[in-house]
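Below is one structure; the comments refer to it alone.
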Amino acid sequence: MTADHENIATARAMYVEARGNLADALLEECPGPHRYVQPGGWQIERCYACGYTEDGTRTEEPQ
């Protein structure tokens with residue numbers, strides 16, 4: 001494996017870990033039940049209970 005491949009593998013491992021940490025934080029923050037739904041049309045999937053998207057963006061206040 002070249003140095004570039006090693007850097008990519010390391011970055012990928014960090015990404016997977018960070019994404020897992022984000023998912024855990026969203027579950028902890030959400031008053032539940034934490035489910036992603038697409039409200040309709042072009043709108044982004046978000047959790048109705050907490051208002052967050054899968055990437056941690058707050059789209060609106062919870063409903």
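Ordering of the structure tokens sets the chain letters (A, B, ...); residue numbers start at 1 within each chain; ligands are numbered from 1 in the order shown.
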- [ ] Please report, as a list in words, each residue of chain A to which DSSP assigns strand (DSSP E) when run on this structure's backbone.
- [x]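 Matching residues, listed in order: Tyr36, Val37, Arg46 and Cys47 of chain A.
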Task: Spatial neighbours of A:Ala49, max dist 12 Å, only C-alpha atoms, sep filter under 4 positions, as a PyMOL selection string - done: chain A and resi 26-27+29-37+53+58-63
Open item on the list: As an exercise, work out the distance from atom CA of A:Arg19 to atom CA of A:Tyr52 in Å and give it to one decimal place.
Closed with: 14.1 Å
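With atom CA of A:Leu22 on one side and atom CA of A:Ile8 on the other, the separation reads 20.7 Å.
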Task: Atomic separation - atom CA of A:Asp55 relative to atom CA of A:Ala23, Å - done: 8.4 Å
Just list the residues in stretch 8-61 of chain A DSSP gives helix (DSSP H, G or I) on the backbone, as a PDB file with N, CA, C and O atoms, in the first residue's frame.
```pdb
ATOM      1  N   ILE A   8      -5.711   7.552   2.840  1.00  0.00           N
ATOM      2  CA  ILE A   8      -7.128   7.388   2.536  1.00  0.00           C
ATOM      3  C   ILE A   8      -7.758   6.411   3.521  1.00  0.00           C
ATOM      4  O   ILE A   8      -8.856   6.666   4.039  1.00  0.00           O
ATOM      5  N   ALA A   9      -7.095   5.317   3.805  1.00  0.00           N
ATOM      6  CA  ALA A   9      -7.621   4.331   4.750  1.00  0.00           C
ATOM      7  C   ALA A   9      -7.766   4.938   6.145  1.00  0.00           C
ATOM      8  O   ALA A   9      -8.768   4.711   6.831  1.00  0.00           O
ATOM      9  N   THR A  10      -6.801   5.741   6.554  1.00  0.00           N
ATOM     10  CA  THR A  10      -6.863   6.396   7.857  1.00  0.00           C
ATOM     11  C   THR A  10      -8.002   7.405   7.901  1.00  0.00           C
ATOM     12  O   THR A  10      -8.772   7.449   8.862  1.00  0.00           O
ATOM     13  N   ALA A  11      -8.136   8.200   6.854  1.00  0.00           N
ATOM     14  CA  ALA A  11      -9.211   9.192   6.789  1.00  0.00           C
ATOM     15  C   ALA A  11     -10.573   8.505   6.791  1.00  0.00           C
ATOM     16  O   ALA A  11     -11.513   8.966   7.438  1.00  0.00           O
ATOM     17  N   ARG A  12     -10.686   7.402   6.084  1.00  0.00           N
ATOM     18  CA  ARG A  12     -11.943   6.656   6.037  1.00  0.00           C
ATOM     19  C   ARG A  12     -12.306   6.126   7.424  1.00  0.00           C
ATOM     20  O   ARG A  12     -13.457   6.208   7.851  1.00  0.00           O
ATOM     21  N   ALA A  13     -11.329   5.603   8.136  1.00  0.00           N
ATOM     22  CA  ALA A  13     -11.578   5.093   9.489  1.00  0.00           C
ATOM     23  C   ALA A  13     -12.036   6.224  10.412  1.00  0.00           C
ATOM     24  O   ALA A  13     -12.946   6.044  11.229  1.00  0.00           O
ATOM     25  N   MET A  14     -11.424   7.394  10.284  1.00  0.00           N
ATOM     26  CA  MET A  14     -11.818   8.549  11.100  1.00  0.00           C
ATOM     27  C   MET A  14     -13.237   8.991  10.757  1.00  0.00           C
ATOM     28  O   MET A  14     -14.024   9.340  11.636  1.00  0.00           O
ATOM     29  N   TYR A  15     -13.576   8.959   9.472  1.00  0.00           N
ATOM     30  CA  TYR A  15     -14.911   9.328   9.012  1.00  0.00           C
ATOM     31  C   TYR A  15     -15.970   8.389   9.597  1.00  0.00           C
ATOM     32  O   TYR A  15     -17.000   8.832  10.104  1.00  0.00           O
ATOM     33  N   VAL A  16     -15.705   7.095   9.534  1.00  0.00           N
ATOM     34  CA  VAL A  16     -16.655   6.107  10.050  1.00  0.00           C
ATOM     35  C   VAL A  16     -16.855   6.304  11.554  1.00  0.00           C
ATOM     36  O   VAL A  16     -17.988   6.269  12.049  1.00  0.00           O
ATOM     37  N   GLU A  17     -15.770   6.542  12.270  1.00  0.00           N
ATOM     38  CA  GLU A  17     -15.866   6.761  13.718  1.00  0.00           C
ATOM     39  C   GLU A  17     -16.649   8.038  14.026  1.00  0.00           C
ATOM     40  O   GLU A  17     -17.527   8.054  14.893  1.00  0.00           O
ATOM     41  N   ALA A  18     -16.352   9.109  13.300  1.00  0.00           N
ATOM     42  CA  ALA A  18     -17.041  10.381  13.528  1.00  0.00           C
ATOM     43  C   ALA A  18     -18.526  10.266  13.213  1.00  0.00           C
ATOM     44  O   ALA A  18     -19.374  10.804  13.929  1.00  0.00           O
ATOM     45  N   ARG A  19     -18.854   9.545  12.164  1.00  0.00           N
ATOM     46  CA  ARG A  19     -20.262   9.362  11.801  1.00  0.00           C
ATOM     47  C   ARG A  19     -21.001   8.563  12.878  1.00  0.00           C
ATOM     48  O   ARG A  19     -22.139   8.859  13.214  1.00  0.00           O
ATOM     49  N   GLY A  20     -20.333   7.576  13.432  1.00  0.00           N
ATOM     50  CA  GLY A  20     -20.918   6.806  14.539  1.00  0.00           C
ATOM     51  C   GLY A  20     -21.127   7.668  15.769  1.00  0.00           C
ATOM     52  O   GLY A  20     -22.160   7.580  16.447  1.00  0.00           O
ATOM     53  N   ASN A  21     -20.141   8.523  16.067  1.00  0.00           N
ATOM     54  CA  ASN A  21     -20.266   9.429  17.212  1.00  0.00           C
ATOM     55  C   ASN A  21     -21.419  10.404  17.004  1.00  0.00           C
ATOM     56  O   ASN A  21     -22.153  10.722  17.946  1.00  0.00           O
ATOM     57  N   LEU A  22     -21.580  10.903  15.792  1.00  0.00           N
ATOM     58  CA  LEU A  22     -22.682  11.816  15.482  1.00  0.00           C
ATOM     59  C   LEU A  22     -24.016  11.110  15.663  1.00  0.00           C
ATOM     60  O   LEU A  22     -24.946  11.661  16.257  1.00  0.00           O
ATOM     61  N   ALA A  23     -24.133   9.892  15.165  1.00  0.00           N
ATOM     62  CA  ALA A  23     -25.377   9.135  15.313  1.00  0.00           C
ATOM     63  C   ALA A  23     -25.709   8.923  16.785  1.00  0.00           C
ATOM     64  O   ALA A  23     -26.864   9.086  17.201  1.00  0.00           O
ATOM     65  N   ASP A  24     -24.702   8.600  17.589  1.00  0.00           N
ATOM     66  CA  ASP A  24     -24.916   8.420  19.025  1.00  0.00           C
ATOM     67  C   ASP A  24     -25.382   9.714  19.683  1.00  0.00           C
ATOM     68  O   ASP A  24     -26.291   9.709  20.515  1.00  0.00           O
ATOM     69  N   ALA A  25     -24.767  10.837  19.310  1.00  0.00           N
ATOM     70  CA  ALA A  25     -25.137  12.131  19.881  1.00  0.00           C
ATOM     71  C   ALA A  25     -26.563  12.517  19.495  1.00  0.00           C
ATOM     72  O   ALA A  25     -27.321  13.046  20.322  1.00  0.00           O
ATOM     73  N   LEU A  26     -26.955  12.247  18.253  1.00  0.00           N
ATOM     74  CA  LEU A  26     -28.315  12.552  17.818  1.00  0.00           C
ATOM     75  C   LEU A  26     -29.334  11.707  18.577  1.00  0.00           C
ATOM     76  O   LEU A  26     -30.381  12.210  18.996  1.00  0.00           O
ATOM     77  N   LEU A  27     -29.039  10.436  18.766  1.00  0.00           N
ATOM     78  CA  LEU A  27     -29.944   9.570  19.521  1.00  0.00           C
ATOM     79  C   LEU A  27     -30.083  10.045  20.962  1.00  0.00           C
ATOM     80  O   LEU A  27     -31.171  10.005  21.542  1.00  0.00           O
ATOM     81  N   GLU A  28     -28.990  10.497  21.544  1.00  0.00           N
ATOM     82  CA  GLU A  28     -29.007  10.984  22.929  1.00  0.00           C
ATOM     83  C   GLU A  28     -29.814  12.271  23.043  1.00  0.00           C
ATOM     84  O   GLU A  28     -30.546  12.476  24.006  1.00  0.00           O
ATOM     85  N   GLU A  29     -29.689  13.154  22.063  1.00  0.00           N
ATOM     86  CA  GLU A  29     -30.367  14.452  22.078  1.00  0.00           C
ATOM     87  C   GLU A  29     -31.860  14.332  21.789  1.00  0.00           C
ATOM     88  O   GLU A  29     -32.672  15.094  22.304  1.00  0.00           O
TER      89      GLU A  29
END
```
